[in-house]
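Asker: You'll find my_file-v5.cif just under this line, and it carries mmCIF, C-alpha atoms and all ligand atoms.
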```cif
data_query
loop_
_atom_site.label_atom_id
_atom_site.label_comp_id
_atom_site.auth_asym_id
_atom_site.auth_seq_id
_atom_site.Cartn_x
_atom_site.Cartn_y
_atom_site.Cartn_z
CA MET A 1 0.00 0.00 0.00
CA THR A 2 1.26 3.52 -0.83
CA GLU A 3 2.20 5.54 2.22
CA LEU A 4 0.30 8.84 2.59
CA PRO A 5 2.34 12.05 2.47
CA LYS A 6 3.15 13.43 5.92
CA ILE A 7 2.46 17.00 7.03
CA VAL A 8 5.61 18.90 8.07
CA THR A 9 5.90 22.48 9.44
CA THR A 10 8.50 24.64 7.68
CA ALA A 11 10.61 27.51 9.05
CA ASP A 12 8.15 30.31 8.22
CA GLY A 13 5.40 28.44 10.07
CA SER A 14 3.58 27.28 6.91
CA LYS A 15 3.17 23.59 6.26
CA THR A 16 4.24 21.26 3.48
CA LEU A 17 4.12 17.55 2.71
CA LEU A 18 6.80 14.89 2.73
CA ASP A 19 6.48 12.32 -0.07
CA ALA A 20 7.48 8.98 1.43
CA ALA A 21 8.32 7.33 -1.90
CA THR A 22 10.94 9.89 -2.98
CA GLY A 23 11.83 11.40 0.42
CA GLU A 24 11.13 14.81 -1.20
CA HIS A 25 9.21 17.68 0.34
CA TYR A 26 6.65 19.53 -1.75
CA HIS A 27 8.22 22.86 -0.76
CA SER A 28 11.35 24.21 0.90
CA LEU A 29 11.76 23.44 4.59
CA PHE A 30 13.03 27.02 4.96
CA GLY A 31 9.47 28.23 4.34
CA ALA A 32 6.82 26.76 2.05
CA THR A 33 4.73 29.83 1.30
CA THR A 34 7.80 32.11 1.36
CA GLU A 35 9.43 29.94 -1.32
CA SER A 36 6.35 29.84 -3.56
CA GLN A 37 5.79 33.56 -3.26
CA HIS A 38 9.44 34.36 -4.00
CA ILE A 39 10.05 32.03 -6.94
CA PHE A 40 6.77 31.74 -8.76
CA ILE A 41 4.94 34.96 -7.93
CA SER A 42 7.72 37.55 -7.48
CA GLY A 43 10.14 35.88 -9.91
CA GLY A 44 7.57 34.82 -12.51
CA LEU A 45 4.06 36.23 -12.42
CA LYS A 46 4.52 39.78 -11.10
CA PRO A 47 6.95 40.98 -13.79
CA LEU A 48 4.56 39.75 -16.52
CA MET A 49 1.51 41.44 -15.03
CA SER A 50 2.41 44.86 -16.40
CA MET A 51 2.77 43.43 -19.91
CA HIS A 52 -0.38 41.37 -20.50
CA ASN A 53 -4.13 41.43 -19.85
CA GLN A 54 -4.33 37.67 -20.21
CA ILE A 55 -1.63 35.36 -18.88
CA ASN A 56 -1.57 31.64 -19.68
CA ILE A 57 0.30 29.74 -16.97
CA LEU A 58 1.45 26.12 -17.08
CA GLU A 59 2.45 24.57 -13.78
CA ILE A 60 4.55 21.41 -13.88
CA GLY A 61 3.71 19.65 -10.61
CA PHE A 62 0.38 20.89 -9.18
CA GLY A 63 0.91 19.18 -5.81
CA THR A 64 -0.98 21.03 -3.09
CA GLY A 65 -2.25 23.86 -5.32
CA LEU A 66 -0.40 26.49 -3.28
CA ASN A 67 1.03 28.15 -6.40
CA ALA A 68 -2.43 28.30 -7.93
CA LEU A 69 -3.82 29.93 -4.78
CA LEU A 70 -1.03 32.51 -4.63
CA SER A 71 -1.42 33.27 -8.33
CA PHE A 72 -5.16 33.78 -7.93
CA HIS A 73 -4.66 36.26 -5.10
CA SER A 74 -1.78 38.09 -6.80
CA CYS A 75 -3.96 39.19 -9.65
CA ASP A 76 -5.40 42.60 -9.40
CA GLY A 77 -6.65 44.92 -12.07
CA PRO A 78 -7.95 43.80 -15.41
CA ILE A 79 -5.87 40.63 -15.74
CA SER A 80 -7.25 37.19 -16.49
CA LEU A 81 -5.32 34.03 -15.77
CA TYR A 82 -5.65 30.69 -17.51
CA TYR A 83 -3.96 28.25 -15.13
CA GLU A 84 -3.17 24.76 -16.35
CA ALA A 85 -1.44 22.40 -13.96
CA VAL A 86 -0.04 18.94 -14.63
CA ASP A 87 0.38 16.20 -12.07
CA CYS A 88 0.36 12.43 -12.21
CA CYS A 89 -0.71 11.85 -8.65
CA PRO A 90 -3.42 14.11 -7.25
CA LEU A 91 -3.42 14.51 -3.48
CA ASP A 92 -6.47 13.94 -1.33
CA PRO A 93 -8.17 17.40 -1.08
CA GLU A 94 -8.95 16.74 2.60
CA LEU A 95 -5.28 16.23 3.38
CA VAL A 96 -4.38 19.39 1.47
CA MET A 97 -7.02 21.46 3.30
CA GLU A 98 -5.29 20.40 6.55
CA LEU A 99 -2.27 22.44 5.45
CA ASN A 100 -4.38 25.52 6.22
CA TYR A 101 -2.69 27.71 3.61
CA ALA A 102 -5.62 30.08 3.35
CA ARG A 103 -5.67 30.78 7.08
CA PHE A 104 -1.89 31.02 7.24
CA LEU A 105 -1.79 33.60 4.44
CA GLY A 106 -4.56 35.63 6.05
CA ILE A 107 -5.97 36.74 2.70
CA ALA A 108 -9.68 37.52 2.64
CA GLY A 109 -11.56 34.94 0.59
CA ALA A 110 -8.59 32.59 0.28
CA GLU A 111 -10.28 29.76 2.14
CA LEU A 112 -13.11 29.61 -0.39
CA THR A 113 -10.74 29.99 -3.34
CA PHE A 114 -8.55 27.16 -2.09
CA LYS A 115 -11.53 24.91 -1.58
CA LYS A 116 -12.71 25.60 -5.14
CA ILE A 117 -9.22 24.86 -6.48
CA GLN A 118 -9.08 21.59 -4.55
CA VAL A 119 -12.51 20.28 -5.53
CA ALA A 120 -12.25 21.31 -9.20
CA PRO A 121 -12.43 18.06 -11.16
CA TRP A 122 -9.35 16.87 -13.00
CA GLY A 123 -9.57 16.96 -16.79
CA GLU A 124 -12.14 19.79 -16.94
CA ILE A 125 -11.78 23.50 -17.51
CA VAL A 126 -13.31 25.22 -14.46
CA ALA A 127 -13.97 28.94 -13.88
CA ILE A 128 -12.83 29.58 -10.31
CA SER A 129 -13.79 33.23 -10.76
CA GLU A 130 -14.48 35.59 -13.65
CA CYS A 131 -10.76 36.10 -14.16
CA PHE A 132 -9.28 32.77 -13.13
CA THR A 133 -9.76 29.61 -15.16
CA LEU A 134 -8.24 26.36 -13.96
CA PHE A 135 -7.44 23.17 -15.81
CA LYS A 136 -5.93 20.36 -13.73
CA ARG A 137 -4.49 17.81 -16.13
CA MET A 138 -3.64 14.34 -14.86
CA ALA A 139 -0.61 13.24 -16.87
CA LEU A 140 2.99 12.16 -16.64
CA ILE A 141 5.32 15.05 -17.29
CA GLU A 142 7.56 12.81 -19.39
CA ASP A 143 4.63 12.02 -21.74
CA PHE A 144 2.96 15.42 -21.75
CA ILE A 145 3.09 17.39 -25.00
CA PRO A 146 1.76 20.87 -24.28
CA GLU A 147 0.08 23.05 -26.86
CA PRO A 148 2.67 24.96 -28.92
CA ASP A 149 3.07 28.75 -28.65
CA TYR A 150 0.48 29.10 -25.89
CA TYR A 151 1.92 29.83 -22.42
CA HIS A 152 3.35 33.11 -21.20
CA LEU A 153 4.67 31.58 -18.00
CA ILE A 154 5.74 28.15 -16.76
CA TYR A 155 6.15 27.25 -13.10
CA PHE A 156 8.53 24.30 -13.27
CA ASP A 157 8.01 22.65 -9.88
CA ALA A 158 8.76 18.95 -10.27
CA PHE A 159 10.53 17.00 -7.54
CA SER A 160 14.24 17.69 -7.56
CA PRO A 161 16.65 16.72 -10.35
CA ALA A 162 18.43 14.51 -7.81
CA VAL A 163 15.45 12.12 -7.64
CA GLN A 164 13.80 12.73 -11.04
CA PRO A 165 16.61 13.63 -13.46
CA ASN A 166 14.50 12.57 -16.47
CA LEU A 167 12.04 15.43 -15.82
CA TRP A 168 14.78 18.07 -15.98
CA SER A 169 16.09 16.90 -19.34
CA VAL A 170 16.68 18.76 -22.59
CA GLU A 171 13.86 16.70 -24.08
CA VAL A 172 11.31 17.96 -21.54
CA PHE A 173 12.63 21.54 -21.73
CA ASN A 174 12.40 21.40 -25.55
CA ARG A 175 8.69 20.73 -25.17
CA MET A 176 8.32 23.52 -22.62
CA TYR A 177 10.10 25.89 -24.98
CA ALA A 178 7.90 24.98 -27.94
CA SER A 179 4.79 25.51 -25.79
CA MET A 180 5.75 29.05 -24.84
CA LYS A 181 5.03 32.35 -26.50
CA HIS A 182 7.80 34.64 -27.63
CA PHE A 183 9.23 36.32 -24.48
CA GLY A 184 7.62 33.62 -22.35
CA VAL A 185 9.26 32.91 -19.00
CA LEU A 186 9.94 29.68 -17.09
CA VAL A 187 10.83 29.91 -13.41
CA THR A 188 12.12 27.15 -11.18
CA TYR A 189 13.65 26.64 -7.76
CA SER A 190 16.57 24.54 -8.95
CA SER A 191 19.71 26.36 -10.01
CA ARG A 192 21.83 23.26 -10.54
CA GLY A 193 24.37 23.35 -13.34
CA VAL A 194 22.73 20.45 -15.21
CA VAL A 195 19.39 22.27 -15.17
CA LYS A 196 20.90 25.50 -16.47
CA GLN A 197 22.71 23.59 -19.18
CA ALA A 198 19.59 21.66 -20.26
CA LEU A 199 17.55 24.89 -20.37
CA ARG A 200 20.21 26.58 -22.51
CA GLN A 201 20.37 23.59 -24.84
CA ALA A 202 16.61 23.88 -25.31
CA GLY A 203 17.12 27.48 -26.47
CA PHE A 204 16.34 29.51 -23.32
CA VAL A 205 18.28 32.52 -22.12
CA VAL A 206 18.91 31.66 -18.47
CA GLU A 207 19.31 34.08 -15.55
CA ARG A 208 20.26 33.20 -12.01
CA LEU A 209 18.21 35.26 -9.56
CA THR A 210 18.48 35.53 -5.79
CA GLY A 211 16.75 32.56 -4.22
CA PRO A 212 14.32 32.40 -1.31
CA PRO A 213 15.59 31.82 2.26
CA GLY A 214 17.89 28.80 2.41
CA LYS A 215 18.69 28.90 -1.32
CA ARG A 216 21.27 31.12 -2.88
CA HIS A 217 19.73 31.12 -6.34
CA MET A 218 16.70 30.28 -8.46
CA LEU A 219 16.44 30.28 -12.26
CA ARG A 220 14.44 32.33 -14.71
CA ALA A 221 14.61 31.19 -18.33
CA THR A 222 13.25 33.33 -21.15
CA LYS A 223 12.29 32.37 -24.67
CA LEU A 224 13.78 35.06 -26.88
CA SER A 225 13.65 33.26 -30.18
CA ASN A 226 11.24 30.94 -31.91
CA LEU A 227 13.93 28.42 -32.79
CA ASN A 228 14.52 25.29 -30.76
CA ASN A 229 15.14 21.60 -31.18
CA ALA A 230 11.62 20.29 -30.45
C1 LIG A 301 7.51 19.60 -5.74
S1 LIG A 301 5.93 18.85 -5.88
C2 LIG A 301 4.94 20.16 -6.51
C3 LIG A 301 4.60 21.21 -5.51
C4 LIG A 301 3.45 22.06 -5.95
N1 LIG A 301 3.77 22.95 -7.00
C5 LIG A 301 2.81 22.76 -4.77
O1 LIG A 301 2.77 24.02 -4.74
O2 LIG A 301 2.36 22.06 -3.87
C6 LIG A 301 6.13 17.84 -7.30
C7 LIG A 301 4.85 17.28 -7.87
O3 LIG A 301 5.19 16.56 -9.04
C8 LIG A 301 4.33 15.43 -9.13
N2 LIG A 301 5.03 14.42 -9.95
C9 LIG A 301 6.07 13.64 -9.60
N3 LIG A 301 6.46 12.89 -10.64
C10 LIG A 301 5.66 13.20 -11.68
C11 LIG A 301 5.57 12.77 -13.03
N4 LIG A 301 6.42 11.87 -13.52
N5 LIG A 301 4.60 13.30 -13.81
C12 LIG A 301 3.73 14.21 -13.31
N6 LIG A 301 3.78 14.67 -12.04
C13 LIG A 301 4.73 14.19 -11.24
C14 LIG A 301 4.11 14.99 -7.72
O4 LIG A 301 2.90 14.27 -7.62
C15 LIG A 301 4.10 16.32 -6.97
O5 LIG A 301 2.78 16.77 -6.81
#
```
Take the structure in the file and write it out as structure tokens.
Answerer:
Amino acid sequence: MTELPKIVTTADGSKTLLDAATGEHYHSLFGATTESQHIFISGGLKPLMSMHNQINILEIGFGTGLNALLSFHSCDGPISLYYEAVDCCPLDPELVMELNYARFLGIAGAELTFKKIQVAPWGEIVAISECFTLFKRMALIEDFIPEPDYYHLIYFDAFSPAVQPNLWSVEVFNRMYASMKHFGVLVTYSSRGVVKQALRQAGFVVERLTGPPGKRHMLRATKLSNLNNA
């Protein structure tokens, strides 16, 4: 029988899960919500918000849905988000609700938003609000071929390259690249040399940005040309 993920409290007081099979945590132990906010929202979404009215986001590794929740509540003004998230192994929504992200963040309305995100059926496009559309896609990242030239932003949040090196490969990044619009951005928490190299081989221009607490760096990769190897 598969062991259920265990709830763990991280350094900023927010919770995450430990995956027994891989020994990986879903977020940084130095602060789950701090990490997500820093890498995906501040490093990825916020800079794009002044450039587009509609942002198509692809998340690789939906997990708890924390990044979806933070994205929803980061959007102000006349911006609409299409949020597609891929995961092979959906978590039990009841377990995820026990992480209490909405209460921890203290954002008005977040509890209801998070509930809607959790109960949204997999494989269906669901309007969470007028300006936030969610599509949770159950698939293996290694088999997933995203729509070409569609996403402005990718949150690449798979388990680490140490345990899943095949997901951080040039082949996968080629597909990410092909799926992105010109000037599209991919952000990720890993700044390992092999990841940087694979991203560059796929055609991205890669920047190393300051990481969240406990991590010196994170990566932001931008698609500046429409040529790649996919
Ligand atoms: C680091 S966690 C994602 C954390 C998530 N973004 C969050 O905010 O909670 C990695 C996720 O990748 C998923 N995963 C692992 N291997 C996968 C695979 N081969 N294909 C698709 N999803 C996979 C796991 O189920 C897990 O939810």
Asker: Which chain A residues have any atom within 7 Å of an atom of ligand LIG 301 (chain A), and for each, what is the nearest pair of atoms with distance in Å to one decimal, counting all atoms listed in the file, rows sorted by chain and number, as JSON lines?
Answerer:
```
{"residue": "A:His25", "atom": "CA", "partner": "A:LIG301", "partner_atom": "C1", "distance": 6.6}
{"residue": "A:Tyr26", "atom": "CA", "partner": "A:LIG301", "partner_atom": "C1", "distance": 4.1}
{"residue": "A:His27", "atom": "CA", "partner": "A:LIG301", "partner_atom": "C1", "distance": 6.0}
{"residue": "A:Ser36", "atom": "CA", "partner": "A:LIG301", "partner_atom": "O1", "distance": 6.9}
{"residue": "A:Ile60", "atom": "CA", "partner": "A:LIG301", "partner_atom": "O3", "distance": 6.9}
{"residue": "A:Gly61", "atom": "CA", "partner": "A:LIG301", "partner_atom": "O3", "distance": 3.8}
{"residue": "A:Phe62", "atom": "CA", "partner": "A:LIG301", "partner_atom": "N1", "distance": 4.5}
{"residue": "A:Gly63", "atom": "CA", "partner": "A:LIG301", "partner_atom": "O5", "distance": 3.2}
{"residue": "A:Thr64", "atom": "CA", "partner": "A:LIG301", "partner_atom": "O2", "distance": 3.6}
{"residue": "A:Gly65", "atom": "CA", "partner": "A:LIG301", "partner_atom": "O1", "distance": 5.1}
{"residue": "A:Leu66", "atom": "CA", "partner": "A:LIG301", "partner_atom": "O1", "distance": 4.3}
{"residue": "A:Asn67", "atom": "CA", "partner": "A:LIG301", "partner_atom": "O1", "distance": 4.8}
{"residue": "A:Val86", "atom": "CA", "partner": "A:LIG301", "partner_atom": "C12", "distance": 6.2}
{"residue": "A:Asp87", "atom": "CA", "partner": "A:LIG301", "partner_atom": "N6", "distance": 3.7}
{"residue": "A:Cys88", "atom": "CA", "partner": "A:LIG301", "partner_atom": "C12", "distance": 4.0}
{"residue": "A:Cys89", "atom": "CA", "partner": "A:LIG301", "partner_atom": "O4", "distance": 4.5}
{"residue": "A:Pro90", "atom": "CA", "partner": "A:LIG301", "partner_atom": "O4", "distance": 6.3}
{"residue": "A:Ala139", "atom": "CA", "partner": "A:LIG301", "partner_atom": "C12", "distance": 5.7}
{"residue": "A:Leu140", "atom": "CA", "partner": "A:LIG301", "partner_atom": "N5", "distance": 3.4}
{"residue": "A:Ile141", "atom": "CA", "partner": "A:LIG301", "partner_atom": "N5", "distance": 4.0}
{"residue": "A:Glu142", "atom": "CA", "partner": "A:LIG301", "partner_atom": "N4", "distance": 6.1}
{"residue": "A:Asp157", "atom": "CA", "partner": "A:LIG301", "partner_atom": "N1", "distance": 5.1}
{"residue": "A:Ala158", "atom": "CA", "partner": "A:LIG301", "partner_atom": "C6", "distance": 4.1}
{"residue": "A:Phe159", "atom": "CA", "partner": "A:LIG301", "partner_atom": "C1", "distance": 4.4}
```
Asker: Quick one: residues within 12 Å of (3.0, 7.6, -2.5) (file frame), counting only C-alpha atoms, please, as a ChimeraX atom specification.
Answerer: /A:1-6,17-24,88-92
Asker: What is the distance, in Å and to one decimal place, between CA of Pro212 in chain A and CA of Glu35 in chain A?
Answerer: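 Here the two named atoms are 5.5 Å from each other.
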Asker: Using all atoms listed in the file for the distances, tell me which of A:Phe40, A:Tyr151, A:Arg208, A:Ala68 is nearest to Gln54 in chain A.
Answerer: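 Looking only at the distances to Gln54 in chain A, the closest residue turns out to be A:Tyr151.
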Asker: So which residues are close to (1.7, 32.2, 10.3), meaning at most 7 Å away in the file's coordinates with only C-alpha atoms counted, and can you show them as a count of residues only?
Answerer: 4
Asker: So the first atom is CA of Leu99 in chain A and the second is CA of Leu134 in chain A; what is the distance between them in Å, to one decimal place?
Answerer: 20.7 Å
Asker: Rank A:Ala110, A:Ile117, A:Leu70, A:His152 by their smallest atom-to-atom distance to Met51 in chain A, using only C-alpha atoms, and report the top residue only.
Answerer: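 Smallest separation from Met51 in chain A among the options: A:His152.
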Asker: Would you mind completing range 70-87 of chain A so that it carries N, CA, C and O atoms, and writing it out as a JSON list (two decimals), in the coordinates of the input?
Answerer:
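Final output, saved to out_20.json:
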```json
[["chain", "number", "residue", "atom", "x", "y", "z"],
["A", 70, "LEU", "N", -1.78, 31.26, -4.68],
["A", 70, "LEU", "CA", -1.03, 32.51, -4.63],
["A", 70, "LEU", "C", -1.18, 33.29, -5.93],
["A", 70, "LEU", "O", -1.28, 34.52, -5.92],
["A", 71, "SER", "N", -1.25, 32.58, -7.04],
["A", 71, "SER", "CA", -1.42, 33.27, -8.33],
["A", 71, "SER", "C", -2.78, 33.95, -8.38],
["A", 71, "SER", "O", -2.90, 35.10, -8.80],
["A", 72, "PHE", "N", -3.80, 33.24, -7.95],
["A", 72, "PHE", "CA", -5.16, 33.78, -7.93],
["A", 72, "PHE", "C", -5.17, 35.10, -7.15],
["A", 72, "PHE", "O", -5.71, 36.11, -7.61],
["A", 73, "HIS", "N", -4.57, 35.08, -5.97],
["A", 73, "HIS", "CA", -4.66, 36.26, -5.10],
["A", 73, "HIS", "C", -3.61, 37.32, -5.43],
["A", 73, "HIS", "O", -3.60, 38.38, -4.79],
["A", 74, "SER", "N", -2.75, 37.06, -6.40],
["A", 74, "SER", "CA", -1.78, 38.09, -6.80],
["A", 74, "SER", "C", -2.35, 38.95, -7.90],
["A", 74, "SER", "O", -1.78, 39.98, -8.25],
["A", 75, "CYS", "N", -3.41, 38.50, -8.50],
["A", 75, "CYS", "CA", -3.96, 39.19, -9.65],
["A", 75, "CYS", "C", -4.86, 40.31, -9.25],
["A", 75, "CYS", "O", -5.88, 40.08, -8.60],
["A", 76, "ASP", "N", -4.46, 41.51, -9.59],
["A", 76, "ASP", "CA", -5.40, 42.60, -9.40],
["A", 76, "ASP", "C", -5.55, 43.29, -10.74],
["A", 76, "ASP", "O", -4.82, 43.01, -11.68],
["A", 77, "GLY", "N", -6.46, 44.20, -10.81],
["A", 77, "GLY", "CA", -6.65, 44.92, -12.07],
["A", 77, "GLY", "C", -7.28, 44.02, -13.10],
["A", 77, "GLY", "O", -7.80, 42.95, -12.80],
["A", 78, "PRO", "N", -7.19, 44.47, -14.34],
["A", 78, "PRO", "CA", -7.95, 43.80, -15.41],
["A", 78, "PRO", "C", -7.21, 42.62, -16.03],
["A", 78, "PRO", "O", -7.14, 42.49, -17.23],
["A", 79, "ILE", "N", -6.64, 41.75, -15.19],
["A", 79, "ILE", "CA", -5.87, 40.63, -15.74],
["A", 79, "ILE", "C", -6.63, 39.32, -15.56],
["A", 79, "ILE", "O", -7.18, 39.07, -14.48],
["A", 80, "SER", "N", -6.64, 38.52, -16.61],
["A", 80, "SER", "CA", -7.25, 37.19, -16.49],
["A", 80, "SER", "C", -6.14, 36.14, -16.56],
["A", 80, "SER", "O", -5.20, 36.28, -17.34],
["A", 81, "LEU", "N", -6.30, 35.12, -15.75],
["A", 81, "LEU", "CA", -5.32, 34.03, -15.77],
["A", 81, "LEU", "C", -5.98, 32.74, -16.25],
["A", 81, "LEU", "O", -7.06, 32.38, -15.77],
["A", 82, "TYR", "N", -5.31, 32.07, -17.18],
["A", 82, "TYR", "CA", -5.65, 30.69, -17.51],
["A", 82, "TYR", "C", -4.56, 29.85, -16.85],
["A", 82, "TYR", "O", -3.36, 30.05, -17.14],
["A", 83, "TYR", "N", -4.94, 28.97, -15.94],
["A", 83, "TYR", "CA", -3.96, 28.25, -15.13],
["A", 83, "TYR", "C", -4.12, 26.77, -15.38],
["A", 83, "TYR", "O", -5.11, 26.16, -14.97],
["A", 84, "GLU", "N", -3.13, 26.21, -16.08],
["A", 84, "GLU", "CA", -3.17, 24.76, -16.35],
["A", 84, "GLU", "C", -2.06, 24.11, -15.53],
["A", 84, "GLU", "O", -0.93, 24.59, -15.50],
["A", 85, "ALA", "N", -2.42, 23.04, -14.83],
["A", 85, "ALA", "CA", -1.44, 22.40, -13.96],
["A", 85, "ALA", "C", -1.42, 20.90, -14.23],
["A", 85, "ALA", "O", -2.47, 20.27, -14.35],
["A", 86, "VAL", "N", -0.21, 20.37, -14.33],
["A", 86, "VAL", "CA", -0.04, 18.94, -14.63],
["A", 86, "VAL", "C", 0.45, 18.21, -13.39],
["A", 86, "VAL", "O", 1.33, 18.70, -12.69],
["A", 87, "ASP", "N", -0.13, 17.08, -13.14],
["A", 87, "ASP", "CA", 0.38, 16.20, -12.07],
["A", 87, "ASP", "C", -0.09, 14.78, -12.36],
["A", 87, "ASP", "O", -1.18, 14.58, -12.90]]
```
